[in-house]
Amino acid sequence: AQSVSQHNHHVILSEAASLELGCNYSYGGTVNLFWYVQYPGQHLQLLLKYFSGDPLVKGIKGFEAEFIKSKFSFNLRKPSVQWSDTAEYFCAVNGHNAGKSTFGDGTTLTVKP
Amino acid sequence: DGGITQSPKYLFRKEGQNVTLSCEQNLNHDAMYWYRQDPGQGLRLIYYSQIVNDFQKGDIAEGYSVSREKKESFPLTVTSAQKNPTAFYLCASSRDRTYNEQFFGPGTRLTVL
């Protein structure tokens with residue numbers, strides 16, 4: 001079975017602060033990893049993904065994430081957040097033999113202007 | 001425009017009634033998924049289908065049923081057996097089960113009166 005744990009339920013930052021959201025997963029095989037974002041009133045959409053290769057992946061709007069296999073982690077980072085980054089962020093794992101993704105509980109990010 | 005449509009956006013039903021939520025995709029994706037989203041609980045998988053005429057139970061299938069008679073359609077029925085049906089329901093699709101990058105619809109908010 002696969003599982004995902006997101007460490008922060010609610011994060012509040014001021015604009016220009018740096019962001020790091022934690023995500024750890026468990027699965028005994030090859031995985032693909034995702035961060036999805038849900039802006040207020042909008043569809044859930046892909047922020048970035050890791051399939052293979054360079055463990056540092058870059059996504060939209062200046063976000064990046066690093067896959068550390070030894071730590072089963074896929075933390076999301078952004079050097080300087082903006083008010084428009086206020087949203088809910090979900091980490092997800094897809095084990096290649098699982099045929100489905102498992103999502104974390106989500107982290108609500110509030111950025112104060 | 002390619003994408004996923006869900007209807008209706010808001011749905012009200014009386015306790016004891018079955019209700020069917022629609023999900024259609026024109027992305028030519030093989031796999032489709034139904035999730036339930038509750039505050040603080042992330043996305044929980046209800047049912048998924050990797051191919052037409054086949055589907056599997058997810059983590060919280062009790063009280064729900066689905067069908068997959070056409071590639072583009074994956075309706076979800078919330079039955080009267082579902083004890084706590086009031087929730088936000090999200091439909092998603094993906095090109096394949098291995099990499100499983102998912103595309104989401106706008107969701108249906110179901111309220112049981």
# chains A, B, ... in the order shown; residues from 1 in each chain; ligands from 1
>>> interface_residues(of="chain A", to="chain B", cutoff="12 Å", atoms="only C-alpha atoms", output="ChimeraX atom specification")
/A:1-6,8-10,30-52,88-108
>>> residues_around(residues="range 58-68 of chain A", least_positions_apart="6", cutoff="7 Å", atoms="only C-alpha atoms", output="ChimeraX atom specification")
/A:47-48,74-78
>>> select_by_dssp(residues="range 27-64 of chain B", states="strand (DSSP E or B)", output="list in words")
Ala31, Met32, Tyr33, Trp34, Tyr35, Arg36, Gln37, Leu43, Arg44, Leu45, Ile46, Tyr47, Tyr48, Ser49, Gln50, Ile51, Asp54, Phe55, Gln56, Lys57 and Tyr64 of chain B
>>> write_last_selection(atoms="N, CA and C atoms", output="tab-separated table (two decimals), in the first residue's frame")
chain	number	residue	atom	x	y	z
B	31	ALA	N	-7.92	6.25	-18.23
B	31	ALA	CA	-8.25	6.10	-16.82
B	31	ALA	C	-9.09	7.26	-16.31
B	32	MET	N	-10.04	6.94	-15.42
B	32	MET	CA	-10.86	7.97	-14.80
B	32	MET	C	-11.03	7.65	-13.32
B	33	TYR	N	-11.24	8.69	-12.53
B	33	TYR	CA	-11.24	8.57	-11.07
B	33	TYR	C	-12.32	9.43	-10.46
B	34	TRP	N	-12.84	8.97	-9.33
B	34	TRP	CA	-13.73	9.78	-8.51
B	34	TRP	C	-13.12	9.92	-7.12
B	35	TYR	N	-13.08	11.18	-6.64
B	35	TYR	CA	-12.58	11.49	-5.32
B	35	TYR	C	-13.65	12.24	-4.53
B	36	ARG	N	-13.52	12.12	-3.25
B	36	ARG	CA	-14.32	12.92	-2.33
B	36	ARG	C	-13.35	13.82	-1.58
B	37	GLN	N	-13.69	15.11	-1.48
B	37	GLN	CA	-12.83	16.07	-0.79
B	37	GLN	C	-13.59	16.65	0.40
B	43	LEU	N	-7.91	14.37	-0.62
B	43	LEU	CA	-8.74	13.70	-1.61
B	43	LEU	C	-8.74	12.21	-1.29
B	44	ARG	N	-9.91	11.65	-1.15
B	44	ARG	CA	-10.00	10.22	-0.90
B	44	ARG	C	-10.65	9.55	-2.11
B	45	LEU	N	-10.04	8.47	-2.54
B	45	LEU	CA	-10.46	7.79	-3.76
B	45	LEU	C	-11.69	6.94	-3.52
B	46	ILE	N	-12.72	7.14	-4.36
B	46	ILE	CA	-13.96	6.39	-4.22
B	46	ILE	C	-13.94	5.17	-5.16
B	47	TYR	N	-13.80	5.43	-6.44
B	47	TYR	CA	-13.73	4.40	-7.46
B	47	TYR	C	-12.78	4.87	-8.56
B	48	TYR	N	-12.22	3.92	-9.29
B	48	TYR	CA	-11.44	4.27	-10.46
B	48	TYR	C	-11.61	3.22	-11.55
B	49	SER	N	-11.33	3.66	-12.76
B	49	SER	CA	-11.49	2.79	-13.91
B	49	SER	C	-10.30	2.97	-14.84
B	50	GLN	N	-9.65	1.86	-15.18
B	50	GLN	CA	-8.48	1.93	-16.05
B	50	GLN	C	-8.87	1.77	-17.52
B	51	ILE	N	-10.06	1.20	-17.74
B	51	ILE	CA	-10.46	0.90	-19.11
B	51	ILE	C	-11.98	0.76	-19.15
B	54	ASP	N	-14.65	-1.69	-17.03
B	54	ASP	CA	-13.92	-2.21	-15.87
B	54	ASP	C	-13.70	-1.09	-14.87
B	55	PHE	N	-13.87	-1.39	-13.58
B	55	PHE	CA	-13.61	-0.40	-12.55
B	55	PHE	C	-13.29	-1.11	-11.25
B	56	GLN	N	-12.61	-0.38	-10.35
B	56	GLN	CA	-12.20	-0.95	-9.07
B	56	GLN	C	-12.62	-0.03	-7.94
B	57	LYS	N	-12.83	-0.62	-6.78
B	57	LYS	CA	-13.14	0.16	-5.59
B	57	LYS	C	-11.88	0.89	-5.13
B	64	TYR	N	-21.43	3.95	-2.66
B	64	TYR	CA	-21.29	4.54	-3.99
B	64	TYR	C	-21.31	3.44	-5.05
>>> atom_distance(atom1="CA of Val78 in chain B", atom2="CA of Asn28 in chain B")
25.6 Å
